[in-house]
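Visitor: Just so it is clear, I am handing over protein17.cif, which has mmCIF, C-alpha atoms.
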```
data_run
loop_
_atom_site.label_atom_id
_atom_site.label_comp_id
_atom_site.auth_asym_id
_atom_site.auth_seq_id
_atom_site.Cartn_x
_atom_site.Cartn_y
_atom_site.Cartn_z
CA MET A 1 23.39 -16.90 -13.07
CA LYS A 2 20.24 -16.38 -11.02
CA THR A 3 19.14 -19.18 -8.69
CA PHE A 4 16.22 -19.41 -6.26
CA THR A 5 15.95 -21.21 -2.93
CA TYR A 6 12.61 -22.19 -1.36
CA ARG A 7 12.69 -22.68 2.41
CA VAL A 8 9.76 -24.18 4.32
CA TYR A 9 8.98 -23.67 8.01
CA SER A 10 6.37 -25.20 10.32
CA ASN A 11 3.30 -23.12 11.11
CA LYS A 12 3.20 -24.70 14.58
CA ASN A 13 6.61 -23.88 16.02
CA GLY A 14 8.53 -22.12 13.23
CA SER A 15 11.03 -24.95 12.83
CA PHE A 16 12.83 -25.37 9.50
CA LEU A 17 11.35 -28.32 7.57
CA GLY A 18 13.52 -28.38 4.46
CA LEU A 19 13.58 -27.11 0.88
CA PHE A 20 11.23 -27.34 -2.08
CA LYS A 21 13.22 -28.54 -5.10
CA ASN A 22 12.55 -28.68 -8.86
CA VAL A 23 10.35 -25.61 -8.56
CA ASP A 24 9.06 -23.28 -11.27
CA PHE A 25 7.21 -20.05 -10.53
CA SER A 26 6.08 -17.27 -12.84
CA GLY A 27 6.15 -14.41 -10.34
CA PHE A 28 4.05 -12.42 -7.89
CA THR A 29 2.71 -8.94 -7.27
CA LYS A 30 3.69 -6.35 -4.66
CA ILE A 31 1.27 -3.48 -4.14
CA ILE A 32 1.16 -0.28 -2.11
CA ASN A 33 -1.40 -0.11 0.73
CA GLY A 34 -1.08 -3.89 0.93
CA GLY A 35 1.83 -6.21 0.44
CA LEU A 36 2.78 -9.40 -1.38
CA GLY A 37 0.14 -11.09 -3.51
CA GLU A 38 -0.29 -14.71 -4.54
CA CYS A 39 2.69 -16.78 -5.67
CA VAL A 40 2.15 -20.24 -7.19
CA LEU A 41 4.98 -22.78 -6.96
CA LYS A 42 4.82 -25.57 -9.54
CA ILE A 43 6.82 -28.51 -8.20
CA ASP A 44 7.69 -31.60 -10.27
CA GLY A 45 7.15 -35.01 -8.73
CA THR A 46 4.38 -37.08 -7.19
CA PHE A 47 2.40 -35.81 -4.26
CA GLU A 48 3.59 -38.61 -2.00
CA SER A 49 7.18 -37.42 -2.36
CA PHE A 50 6.34 -34.16 -0.60
CA ASP A 51 5.15 -35.53 2.73
CA GLU A 52 1.70 -33.98 3.20
CA TYR A 53 2.06 -33.76 6.96
CA ASN A 54 5.41 -32.03 6.85
CA LYS A 55 6.46 -29.54 4.17
CA VAL A 56 3.20 -29.34 2.19
CA GLN A 57 0.83 -28.34 4.97
CA LEU A 58 -1.66 -25.52 5.04
CA ASN A 59 -0.38 -22.36 6.74
CA ASN A 60 3.26 -23.48 6.66
CA TYR A 61 5.63 -20.57 6.10
CA VAL A 62 7.68 -20.36 2.88
CA GLU A 63 10.57 -18.04 1.99
CA ILE A 64 11.87 -17.46 -1.54
CA LEU A 65 15.48 -16.27 -1.72
CA VAL A 66 17.48 -15.26 -4.79
CA SER A 67 21.19 -15.47 -5.49
CA ASP A 68 22.58 -13.55 -8.48
CA ILE A 69 25.26 -11.03 -9.44
CA ASP A 70 23.68 -8.43 -7.18
CA THR A 71 23.81 -10.63 -4.08
CA ALA A 72 27.39 -11.91 -4.38
CA ASN A 73 28.38 -9.68 -1.47
CA ASP A 74 24.87 -9.20 -0.12
CA THR A 75 24.29 -10.58 3.36
CA LEU A 76 20.84 -9.03 3.71
CA ASN A 77 18.54 -11.16 5.87
CA THR A 78 20.43 -14.46 5.51
CA GLY A 79 24.14 -13.72 5.85
CA GLU A 80 24.76 -16.12 2.97
CA GLY A 81 24.78 -13.97 -0.13
CA TYR A 82 21.06 -14.44 -0.70
CA ARG A 83 18.27 -11.89 -0.73
CA LEU A 84 14.78 -12.59 0.58
CA ILE A 85 12.27 -11.55 -2.10
CA TYR A 86 9.07 -13.26 -0.94
CA SER A 87 7.61 -14.75 2.22
CA GLY A 88 4.14 -16.13 2.69
CA TYR A 89 1.99 -18.96 3.96
CA ILE A 90 0.56 -21.95 2.11
CA SER A 91 -3.08 -21.10 1.45
CA LYS A 92 -3.87 -24.16 -0.69
CA TYR A 93 -2.23 -26.92 -2.68
CA SER A 94 -3.27 -29.31 -5.42
CA THR A 95 -1.86 -32.24 -7.37
CA TRP A 96 -1.86 -32.31 -11.14
CA VAL A 97 -1.19 -34.72 -14.00
CA ASP A 98 -0.53 -33.62 -17.58
CA GLY A 99 0.31 -36.60 -19.76
CA PRO A 100 3.55 -38.10 -18.49
CA ASN A 101 4.16 -35.15 -16.18
CA GLU A 102 2.79 -34.73 -12.69
CA GLY A 103 3.41 -32.49 -9.73
CA VAL A 104 2.05 -30.31 -6.98
CA ASN A 105 0.95 -26.70 -7.14
CA VAL A 106 1.53 -24.84 -3.87
CA ASN A 107 -0.28 -21.49 -3.56
CA LEU A 108 1.27 -18.89 -1.27
CA LEU A 109 -0.21 -15.65 0.04
CA GLY A 110 1.64 -12.74 1.63
CA TYR A 111 0.99 -11.95 5.28
CA SER A 112 -0.78 -8.69 4.46
CA THR A 113 -3.79 -10.84 3.51
CA LYS A 114 -4.08 -11.88 7.17
CA LEU A 115 -5.15 -8.31 7.94
CA MET A 116 -8.32 -8.84 5.88
CA GLN A 117 -9.25 -11.92 7.87
CA GLY A 118 -8.90 -10.56 11.41
CA LEU A 119 -11.43 -8.36 13.21
CA LEU A 120 -10.13 -5.38 15.17
CA LYS A 121 -11.18 -6.46 18.64
CA ASP A 122 -10.10 -6.94 22.24
CA ALA A 123 -10.17 -10.67 23.01
CA GLN A 124 -10.25 -10.13 26.78
CA THR A 125 -13.32 -7.90 26.82
CA GLY A 126 -14.88 -8.88 23.50
CA LYS A 127 -15.17 -5.21 22.55
CA VAL A 128 -15.07 -4.33 18.85
CA THR A 129 -15.28 -0.53 19.22
CA PHE A 130 -12.05 1.43 19.57
CA PHE A 131 -11.36 5.12 20.09
CA THR A 132 -8.26 7.14 19.33
CA ASN A 133 -6.07 7.60 22.37
CA THR A 134 -2.86 9.60 22.77
CA SER A 135 -1.14 7.07 25.04
CA ASP A 136 -1.66 3.85 23.06
CA GLY A 137 -2.98 5.10 19.72
CA ILE A 138 -6.32 3.35 20.24
CA SER A 139 -8.32 2.19 23.24
CA THR A 140 -11.64 0.50 23.97
CA THR A 141 -12.35 3.31 26.44
CA GLY A 142 -13.99 6.39 24.98
CA PRO A 143 -14.48 9.08 24.08
CA ALA A 144 -12.06 9.53 21.18
CA VAL A 145 -9.39 12.17 21.67
CA ILE A 146 -7.28 14.02 19.12
CA THR A 147 -4.29 11.86 18.15
CA ASP A 148 -1.64 11.88 15.44
CA VAL A 149 -2.61 9.59 12.57
CA GLY A 150 0.76 7.80 12.73
CA ASP A 151 0.22 6.94 16.39
CA VAL A 152 -3.21 5.55 15.53
CA VAL A 153 -1.67 3.25 12.91
CA LYS A 154 0.86 2.05 15.51
CA GLY A 155 -1.97 1.41 17.96
CA ILE A 156 -3.94 -0.66 15.43
CA LEU A 157 -0.87 -2.70 14.52
CA GLY A 158 -0.01 -3.16 18.17
CA GLN A 159 -3.49 -4.52 18.81
CA TYR A 160 -3.11 -6.94 15.89
CA ILE A 161 0.20 -8.25 17.23
CA LYS A 162 -1.29 -8.56 20.73
CA GLU A 163 -4.23 -10.60 19.39
CA ASN A 164 -1.98 -12.65 17.07
CA PRO A 165 1.24 -13.28 19.03
CA THR A 166 2.63 -15.73 16.43
CA THR A 167 2.26 -13.30 13.53
CA LYS A 168 5.27 -12.64 11.30
CA ILE A 169 4.32 -8.96 10.91
CA THR A 170 6.42 -6.50 12.88
CA TYR A 171 7.53 -2.85 12.83
CA SER A 172 10.19 -0.49 14.16
CA GLY A 173 10.47 3.16 15.08
CA GLU A 174 11.85 3.86 11.60
CA THR A 175 9.01 2.18 9.73
CA LEU A 176 6.16 3.84 11.64
CA THR A 177 6.34 7.62 12.02
CA GLN A 178 4.01 10.46 12.93
CA THR A 179 2.31 12.38 10.12
CA GLY A 180 1.71 15.79 11.70
CA THR A 181 -2.00 15.35 10.97
CA ASN A 182 -4.27 14.87 14.00
CA GLY A 183 -7.84 13.78 14.46
CA MET A 184 -10.21 11.80 16.63
CA PHE A 185 -11.80 8.68 15.20
CA THR A 186 -13.95 5.72 16.17
CA PHE A 187 -13.47 2.19 14.81
CA GLU A 188 -16.37 -0.25 14.99
CA LEU A 189 -16.66 -3.74 13.48
CA MET A 190 -13.70 -3.27 11.13
CA SER A 191 -11.09 -5.68 9.88
CA TYR A 192 -7.52 -4.58 10.45
CA GLN A 193 -7.09 -3.82 6.78
CA GLN A 194 -10.25 -1.68 6.78
CA ALA A 195 -8.92 0.20 9.79
CA PHE A 196 -5.57 0.90 8.09
CA ASN A 197 -7.25 2.05 4.87
CA TYR A 198 -9.69 4.17 6.85
CA ILE A 199 -6.83 5.93 8.60
CA LYS A 200 -5.00 6.38 5.31
CA SER A 201 -8.03 8.32 4.03
CA ILE A 202 -7.40 10.91 6.76
CA ALA A 203 -3.60 10.99 6.47
CA PRO A 204 -1.90 13.42 4.05
CA SER A 205 -2.37 12.30 0.43
CA GLU A 206 1.15 10.99 -0.20
CA TRP A 207 1.29 8.65 2.80
CA TRP A 208 1.08 4.88 2.26
CA TRP A 209 1.37 1.58 4.11
CA TYR A 210 3.08 -1.60 2.94
CA ILE A 211 4.27 -4.97 4.30
CA ASN A 212 7.46 -6.15 2.60
CA ALA A 213 9.11 -9.57 2.21
CA ASP A 214 10.58 -9.28 5.72
CA ASN A 215 7.00 -8.77 6.96
CA MET A 216 8.00 -5.32 8.16
CA PHE A 217 5.05 -2.92 8.30
CA TYR A 218 5.72 0.54 6.84
CA PHE A 219 3.58 3.65 7.20
CA LYS A 220 5.52 6.45 5.58
CA THR A 221 5.28 9.38 3.23
CA LYS A 222 6.51 9.44 -0.34
CA PRO A 223 10.34 9.84 -0.44
CA SER A 224 11.45 13.39 -1.24
CA SER A 225 13.92 12.26 -3.92
CA ALA A 226 13.98 9.43 -6.44
CA THR A 227 14.92 6.01 -5.06
CA HIS A 228 15.64 4.64 -8.55
CA THR A 229 16.78 6.17 -11.85
CA PHE A 230 15.84 4.17 -14.95
CA VAL A 231 17.65 4.74 -18.23
CA TYR A 232 15.72 4.34 -21.48
CA GLY A 233 17.47 1.91 -23.81
CA LYS A 234 19.42 0.33 -20.96
CA ASP A 235 17.07 -0.55 -18.10
CA PHE A 236 13.90 -0.69 -20.18
CA LYS A 237 12.68 -0.60 -23.75
CA SER A 238 8.91 -0.56 -23.36
CA ILE A 239 6.79 2.07 -21.66
CA LYS A 240 3.11 3.03 -21.76
CA VAL A 241 1.78 6.44 -20.76
CA GLU A 242 -1.98 6.81 -20.34
CA LYS A 243 -3.82 10.07 -19.67
CA SER A 244 -7.43 10.04 -18.51
CA ILE A 245 -10.14 12.19 -16.94
CA GLU A 246 -12.40 9.20 -16.25
CA LYS A 247 -11.57 9.03 -12.53
CA ILE A 248 -11.60 12.77 -11.78
CA LYS A 249 -13.60 13.78 -8.70
CA ASN A 250 -13.47 17.52 -8.02
CA ALA A 251 -16.36 17.92 -5.58
CA PHE A 252 -16.94 16.13 -2.29
CA LEU A 253 -20.25 16.01 -0.42
CA PHE A 254 -19.97 14.97 3.22
CA TRP A 255 -23.04 14.24 5.36
CA ASP A 256 -22.53 13.22 8.98
CA GLY A 257 -25.81 11.27 9.00
CA ASP A 258 -27.32 13.48 11.71
CA SER A 259 -30.06 15.79 10.45
CA THR A 260 -30.16 17.56 13.82
CA SER A 261 -26.52 18.72 13.77
CA SER A 262 -25.70 22.38 13.15
CA ILE A 263 -23.94 21.63 9.84
CA PRO A 264 -25.35 18.31 8.59
CA VAL A 265 -23.97 18.68 5.05
CA ARG A 266 -20.54 19.92 3.97
CA TYR A 267 -19.73 20.49 0.32
CA TYR A 268 -16.13 20.88 -0.83
CA LYS A 269 -14.99 21.58 -4.35
CA ASP A 270 -11.95 22.49 -6.35
CA LYS A 271 -13.02 25.44 -8.50
CA THR A 272 -10.16 25.25 -10.99
CA SER A 273 -10.73 21.57 -11.74
CA ILE A 274 -14.47 22.17 -12.16
CA LEU A 275 -13.73 25.02 -14.57
CA TYR A 276 -11.73 22.69 -16.82
CA TYR A 277 -13.60 19.39 -16.42
CA ASN A 278 -17.11 20.20 -15.06
CA PRO A 279 -18.40 19.04 -11.65
CA ARG A 280 -17.72 15.39 -10.82
CA VAL A 281 -19.03 14.65 -7.31
CA GLU A 282 -18.18 12.00 -4.71
CA ILE A 283 -20.61 11.50 -1.78
CA LEU A 284 -19.70 10.17 1.67
CA VAL A 285 -22.34 9.50 4.35
CA ASP A 286 -20.86 9.01 7.84
CA TYR A 287 -23.79 7.37 9.63
CA SER A 288 -21.57 5.96 12.37
CA GLN A 289 -20.07 9.38 13.18
CA LYS A 290 -16.63 7.77 13.09
CA TYR A 291 -14.84 10.81 11.69
CA GLY A 292 -15.34 12.71 14.92
CA GLY A 293 -15.97 16.26 13.79
CA THR A 294 -15.41 19.08 11.33
CA ALA A 295 -11.61 18.85 11.36
CA GLU A 296 -11.71 15.15 10.41
CA ALA A 297 -14.25 15.82 7.63
CA ASN A 298 -12.00 18.59 6.32
CA ASN A 299 -9.00 16.25 6.33
CA VAL A 300 -10.90 13.58 4.41
CA ALA A 301 -12.11 16.09 1.82
CA ARG A 302 -8.69 17.69 1.43
CA ASN A 303 -6.99 14.33 0.98
CA PHE A 304 -9.64 13.11 -1.46
CA LEU A 305 -9.62 16.20 -3.68
CA ASP A 306 -5.84 16.40 -3.60
CA THR A 307 -5.74 12.87 -4.99
CA HIS A 308 -8.62 12.96 -7.48
CA LYS A 309 -9.13 16.52 -8.79
CA ASN A 310 -6.72 16.26 -11.74
CA PRO A 311 -6.47 13.88 -14.69
CA ASP A 312 -4.45 10.72 -14.24
CA ILE A 313 -1.18 10.17 -16.02
CA GLN A 314 -0.43 6.51 -15.41
CA VAL A 315 2.94 5.12 -16.43
CA ILE A 316 3.50 1.39 -16.92
CA VAL A 317 7.06 0.33 -17.67
CA GLU A 318 8.87 -3.01 -17.89
CA ILE A 319 12.33 -3.06 -16.31
CA VAL A 320 14.60 -5.92 -17.40
CA ASP A 321 16.91 -7.81 -15.06
CA ASN A 322 20.67 -7.19 -15.20
CA ASN A 323 21.84 -10.78 -14.85
CA GLU A 324 22.38 -11.40 -18.55
CA THR A 325 24.99 -8.66 -18.89
CA ASP A 326 26.23 -5.77 -16.75
CA GLU A 327 25.59 -3.35 -19.60
CA VAL A 328 21.83 -3.88 -19.72
CA GLY A 329 19.16 -4.11 -17.06
CA TYR A 330 18.59 -3.28 -13.40
CA ASP A 331 18.65 -4.98 -10.01
CA ILE A 332 14.91 -5.73 -10.12
CA GLU A 333 14.81 -7.39 -6.68
CA ASN A 334 15.67 -4.01 -5.17
CA ILE A 335 12.44 -2.33 -6.32
CA ASP A 336 9.47 -2.13 -3.93
CA PRO A 337 6.13 -0.31 -3.88
CA GLY A 338 6.54 2.97 -2.02
CA ASP A 339 9.89 3.60 -3.73
CA THR A 340 10.08 6.49 -6.17
CA CYS A 341 11.72 6.75 -9.57
CA ARG A 342 12.72 9.02 -12.42
CA PHE A 343 13.35 8.35 -16.10
CA VAL A 344 16.27 9.57 -18.20
CA GLY A 345 17.29 9.06 -21.81
CA PHE A 346 14.22 10.55 -23.48
CA ASN A 347 14.16 13.72 -25.52
CA LYS A 348 13.00 16.94 -23.88
CA ASP A 349 9.45 16.80 -25.24
CA THR A 350 8.89 13.26 -23.97
CA LEU A 351 10.28 14.11 -20.53
CA GLU A 352 7.48 16.66 -20.09
CA ASN A 353 5.20 13.67 -19.35
CA PHE A 354 7.21 12.67 -16.30
CA LYS A 355 8.08 14.08 -12.91
CA ASP A 356 11.50 13.69 -11.31
CA ASN A 357 10.12 11.76 -8.35
CA MET A 358 7.24 9.43 -9.18
CA LEU A 359 5.74 6.94 -6.72
CA ILE A 360 5.82 3.23 -7.61
CA THR A 361 2.44 1.82 -6.56
CA ARG A 362 2.66 -1.72 -7.95
CA VAL A 363 5.44 -4.16 -8.86
CA ASP A 364 4.65 -7.27 -10.94
CA TYR A 365 7.72 -9.43 -10.44
CA THR A 366 9.00 -12.23 -12.69
CA PRO A 367 12.46 -13.83 -12.56
CA THR A 368 13.59 -11.89 -15.65
CA SER A 369 11.82 -8.53 -15.39
CA VAL A 370 9.37 -6.41 -13.43
CA VAL A 371 6.42 -4.39 -14.67
CA LEU A 372 6.03 -1.21 -12.65
CA THR A 373 2.87 0.81 -12.28
CA ILE A 374 3.75 4.40 -11.50
CA GLU A 375 1.38 6.62 -9.54
CA PRO A 376 -1.50 8.23 -11.37
CA MET A 377 0.15 11.66 -11.54
CA GLN A 378 -1.62 14.99 -11.33
CA MET A 379 -1.14 17.03 -14.48
CA GLY A 380 -0.61 20.22 -12.54
CA ILE A 381 -3.46 22.46 -13.70
CA ILE A 382 -3.12 24.44 -10.46
CA PRO A 383 -0.01 26.66 -10.31
CA GLN A 384 2.72 25.62 -7.88
CA MET A 385 2.47 28.93 -5.99
CA GLU A 386 -1.16 28.26 -5.18
CA LYS A 387 -0.43 24.63 -4.34
CA ASN A 388 2.30 25.52 -1.88
CA LYS A 389 0.14 27.84 0.19
CA ARG A 390 -2.52 25.23 1.00
CA ASN A 391 -3.01 24.37 4.62
CA ILE A 392 -5.86 22.75 6.46
CA ASP A 393 -6.04 25.85 8.64
CA ASP A 394 -6.98 27.84 5.53
CA ILE A 395 -10.23 25.92 5.11
CA LEU A 396 -12.93 28.34 6.18
CA SER A 397 -15.88 27.31 8.29
CA THR A 398 -19.53 28.19 7.85
CA SER A 399 -22.25 29.29 10.24
CA LYS A 400 -25.39 27.42 11.15
CA THR A 401 -27.41 29.74 8.93
CA GLY A 402 -25.64 28.35 5.89
CA ASN A 403 -23.39 31.26 4.91
CA ARG A 404 -20.92 30.15 2.24
CA ALA A 405 -17.16 30.53 2.59
CA GLU A 406 -14.52 29.87 -0.07
CA ASP A 407 -10.81 30.03 -0.65
CA SER A 408 -8.67 29.18 -3.64
CA TYR A 409 -8.37 25.53 -2.63
CA LEU A 410 -11.69 24.34 -1.23
CA SER A 411 -15.13 25.83 -0.99
CA PHE A 412 -17.53 24.84 1.72
CA GLU A 413 -21.32 25.04 1.64
CA ALA A 414 -23.98 24.10 4.15
#
```
If you took the structure in this file and wrote it as structure tokens, what would it be?
Guide:
Amino acid sequence: MKTFTYRVYSNKNGSFLGLFKNVDFSGFTKIINGGLGECVLKIDGTFESFDEYNKVQLNNYVEILVSDIDTANDTLNTGEGYRLIYSGYISKYSTWVDGPNEGVNVNLLGYSTKLMQGLLKDAQTGKVTFFTNTSDGISTTGPAVITDVGDVVKGILGQYIKENPTTKITYSGETLTQTGTNGMFTFELMSYQQAFNYIKSIAPSEWWWYINADNMFYFKTKPSSATHTFVYGKDFKSIKVEKSIEKIKNAFLFWDGDSTSSIPVRYYKDKTSILYYNPRVEILVDYSQKYGGTAEANNVARNFLDTHKNPDIQVIVEIVDNNETDEVGYDIENIDPGDTCRFVGFNKDTLENFKDNMLITRVDYTPTSVVLTIEPMQMGIIPQMEKNKRNIDDILSTSKTGNRAEDSYLSFEA
């Protein structure tokens, strides 16, 4: 039998305040390049019974823990056979009456939403412009220098923790790693979330960030092998596969916003995608010059085209929980965005729609099942041989006179 525990902590000193009881909740969302979404707790009883100035107080911290057949010997996080599946702060609450029934709705938000609300700044100096720096990742002292993207992410997160010393968000050496991609960037008047998403646009295409239920910040690449294997007819019975060219972008126009520069406009395109699907152009104007130079522009274009040049194959599948019987279902609490999966149990023709290692980008959790959104997958119109030989060093430059240079991956025009 699956049971849930709801622990409440003070936002002032972190002290344990007690438990919410007689609670019903429908679920919550976990999403890649973000974290935990809203979770609404519906609690039976009158408002007065909840002590407004104690447990039900704005910004108090709430943990949701589950106990089921999968956690009987699981001491993860609590040491008590429970598993932490959600943590967040009270963003609002309301009382309700429906006939003879009444209660309180408590709305929780995950701590990743705090990143949207905070400005990347230095409180001591008041500066809101940061430059990449090899020693600390970022610094208010310019100019920007070439730095690994992973170190920049660590620097941004370190600044957030410095400015918000009571934050629940943390990281370790295993959750933040270098990418092997370097660049020099400038951040000005950005929220922390904007800064993370900005850096992700320069990182290799299969890198992602995520804040889990433990409030651990991850910046990692897609796992090389499947984290989960789902069996058709056992773990799930419904699946939807959607193919679309609506979001294809196979050309990228980059203007640095400076008409006096030697190469004010750069045009990248994927010739094979254009051959099949016609030109579909995305335009980026970098008025603030935050991308630093040609190498950063090339990284952005390479990442963007890698992600958008092919049709989407989006897979949405509902995975049922295994607590009804051991013969059916899956340990749904063990699935997070950033994990990868594979499907088995289909016939050969159906399996052609799937890869062996697909990225889970969204998890919609309910107590009895999860709905997974699997990465929009590239259909592979470019041969693997050609794909394997790509390297940013292969991108050819162009002269001030506007001579055009091309290779099999990107073309560049000025």
Visitor: Taking the file above as input, evaluate the PyMOL selection byres ((chain A and resi 91-103) around 12) and report the hits as a PDB file with C-alpha atoms, in the coordinates of the input.
Guide:
```pdb
ATOM      1  CA  ASN A  11       3.300 -23.120  11.110  1.00  0.00           C
ATOM      2  CA  LYS A  21      13.220 -28.540  -5.100  1.00  0.00           C
ATOM      3  CA  ASN A  22      12.550 -28.680  -8.860  1.00  0.00           C
ATOM      4  CA  VAL A  23      10.350 -25.610  -8.560  1.00  0.00           C
ATOM      5  CA  ASP A  24       9.060 -23.280 -11.270  1.00  0.00           C
ATOM      6  CA  GLY A  37       0.140 -11.090  -3.510  1.00  0.00           C
ATOM      7  CA  GLU A  38      -0.290 -14.710  -4.540  1.00  0.00           C
ATOM      8  CA  CYS A  39       2.690 -16.780  -5.670  1.00  0.00           C
ATOM      9  CA  VAL A  40       2.150 -20.240  -7.190  1.00  0.00           C
ATOM     10  CA  LEU A  41       4.980 -22.780  -6.960  1.00  0.00           C
ATOM     11  CA  LYS A  42       4.820 -25.570  -9.540  1.00  0.00           C
ATOM     12  CA  ILE A  43       6.820 -28.510  -8.200  1.00  0.00           C
ATOM     13  CA  ASP A  44       7.690 -31.600 -10.270  1.00  0.00           C
ATOM     14  CA  GLY A  45       7.150 -35.010  -8.730  1.00  0.00           C
ATOM     15  CA  THR A  46       4.380 -37.080  -7.190  1.00  0.00           C
ATOM     16  CA  PHE A  47       2.400 -35.810  -4.260  1.00  0.00           C
ATOM     17  CA  GLU A  48       3.590 -38.610  -2.000  1.00  0.00           C
ATOM     18  CA  SER A  49       7.180 -37.420  -2.360  1.00  0.00           C
ATOM     19  CA  PHE A  50       6.340 -34.160  -0.600  1.00  0.00           C
ATOM     20  CA  GLU A  52       1.700 -33.980   3.200  1.00  0.00           C
ATOM     21  CA  LYS A  55       6.460 -29.540   4.170  1.00  0.00           C
ATOM     22  CA  VAL A  56       3.200 -29.340   2.190  1.00  0.00           C
ATOM     23  CA  GLN A  57       0.830 -28.340   4.970  1.00  0.00           C
ATOM     24  CA  LEU A  58      -1.660 -25.520   5.040  1.00  0.00           C
ATOM     25  CA  ASN A  59      -0.380 -22.360   6.740  1.00  0.00           C
ATOM     26  CA  ASN A  60       3.260 -23.480   6.660  1.00  0.00           C
ATOM     27  CA  TYR A  61       5.630 -20.570   6.100  1.00  0.00           C
ATOM     28  CA  VAL A  62       7.680 -20.360   2.880  1.00  0.00           C
ATOM     29  CA  GLY A  88       4.140 -16.130   2.690  1.00  0.00           C
ATOM     30  CA  TYR A  89       1.990 -18.960   3.960  1.00  0.00           C
ATOM     31  CA  ILE A  90       0.560 -21.950   2.110  1.00  0.00           C
ATOM     32  CA  VAL A 104       2.050 -30.310  -6.980  1.00  0.00           C
ATOM     33  CA  ASN A 105       0.950 -26.700  -7.140  1.00  0.00           C
ATOM     34  CA  VAL A 106       1.530 -24.840  -3.870  1.00  0.00           C
ATOM     35  CA  ASN A 107      -0.280 -21.490  -3.560  1.00  0.00           C
ATOM     36  CA  LEU A 108       1.270 -18.890  -1.270  1.00  0.00           C
ATOM     37  CA  LEU A 109      -0.210 -15.650   0.040  1.00  0.00           C
ATOM     38  CA  GLY A 110       1.640 -12.740   1.630  1.00  0.00           C
ATOM     39  CA  TYR A 111       0.990 -11.950   5.280  1.00  0.00           C
ATOM     40  CA  THR A 113      -3.790 -10.840   3.510  1.00  0.00           C
ATOM     41  CA  LYS A 114      -4.080 -11.880   7.170  1.00  0.00           C
TER      42      LYS A 114
END
```
Visitor: Run the PyMOL selection byres ((chain A and resi 360-368) around 8) on the file and write out the hits as a list in words.
Guide: Ser26, Gly27, Phe28, Thr29, Lys30, Ile31, Ile32, Val320, Asp321, Ile335, Asp336, Pro337, Gly338, Asp339, Thr340, Cys341, Met358, Leu359, Ser369, Val370, Val371, Leu372, Thr373, Ile374 and Glu375 of chain A
Visitor: Let me make sure I understand: among A:Val8, A:Leu275, A:Ile332, A:Ala251, which one has the smallest atom-to-atom distance to Ile85 of chain A if we use all atoms listed in the file?
Guide: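 Nearest candidate to Ile85 of chain A out of A:Val8, A:Leu275, A:Ile332, A:Ala251: A:Ile332.
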Visitor: Determine the nearest neighbour of Ile64 of chain A from the options A:Phe346, A:Phe25, A:Tyr6, A:Tyr82, counting all atoms listed in the file.
Guide: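 Among the listed residues, A:Tyr6 lies closest to Ile64 of chain A.
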Visitor: Given the choices A:Lys249, A:Val149, A:Asn357, A:Trp209, which gets closest to Asn278 of chain A if the distance is worked out from all atoms listed in the file?
Guide: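 Of A:Lys249, A:Val149, A:Asn357, A:Trp209, the one nearest Asn278 of chain A, counting all atoms listed in the file, is A:Lys249.
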Visitor: Compare A:Asn164, A:Gln194, A:Asn212, A:Asn299 by their minimum atom-to-atom distance to Leu36 of chain A, counting all atoms listed in the file, and give me the closest one.
Guide: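 Using all atoms listed in the file, Leu36 of chain A sits closest to A:Asn212.
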Visitor: What does the structure give for the distance between atom CA of Thr167 of chain A and atom CA of Tyr198 of chain A, in Å to one decimal?
Guide: 22.2 Å
Visitor: Determine the nearest neighbour of Asn322 of chain A from the options A:Tyr276, A:Tyr268, A:Phe343, A:Phe236, counting only C-alpha atoms.
Guide: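 Closest candidate: A:Phe236.
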Visitor: Quick one: everything within 10 Å of Phe196 of chain A, counting only C-alpha atoms, minus sequence neighbours fewer than 3 positions away in the same chain. Send it as a VMD selection string.
Guide: chain A and resid 33 to 34 115 152 to 154 156 to 157 190 to 193 199 to 201 208 to 209 219
Visitor: For the selection just defined, write its residues with C-alpha atoms to a file, as a JSON list (two decimals), in the frame of the given file.
Guide:
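Writing done, so here's selection31.json:
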```json
[["chain", "number", "residue", "atom", "x", "y", "z"],
["A", 33, "ASN", "CA", -1.40, -0.11, 0.73],
["A", 34, "GLY", "CA", -1.08, -3.89, 0.93],
["A", 115, "LEU", "CA", -5.15, -8.31, 7.94],
["A", 152, "VAL", "CA", -3.21, 5.55, 15.53],
["A", 153, "VAL", "CA", -1.67, 3.25, 12.91],
["A", 154, "LYS", "CA", 0.86, 2.05, 15.51],
["A", 156, "ILE", "CA", -3.94, -0.66, 15.43],
["A", 157, "LEU", "CA", -0.87, -2.70, 14.52],
["A", 190, "MET", "CA", -13.70, -3.27, 11.13],
["A", 191, "SER", "CA", -11.09, -5.68, 9.88],
["A", 192, "TYR", "CA", -7.52, -4.58, 10.45],
["A", 193, "GLN", "CA", -7.09, -3.82, 6.78],
["A", 199, "ILE", "CA", -6.83, 5.93, 8.60],
["A", 200, "LYS", "CA", -5.00, 6.38, 5.31],
["A", 201, "SER", "CA", -8.03, 8.32, 4.03],
["A", 208, "TRP", "CA", 1.08, 4.88, 2.26],
["A", 209, "TRP", "CA", 1.37, 1.58, 4.11],
["A", 219, "PHE", "CA", 3.58, 3.65, 7.20]]
```
Visitor: Determine the nearest neighbour of Gly126 of chain A from the options A:Ile138, A:Glu163, A:Tyr277, A:Pro143, counting only C-alpha atoms.
Guide: A:Glu163
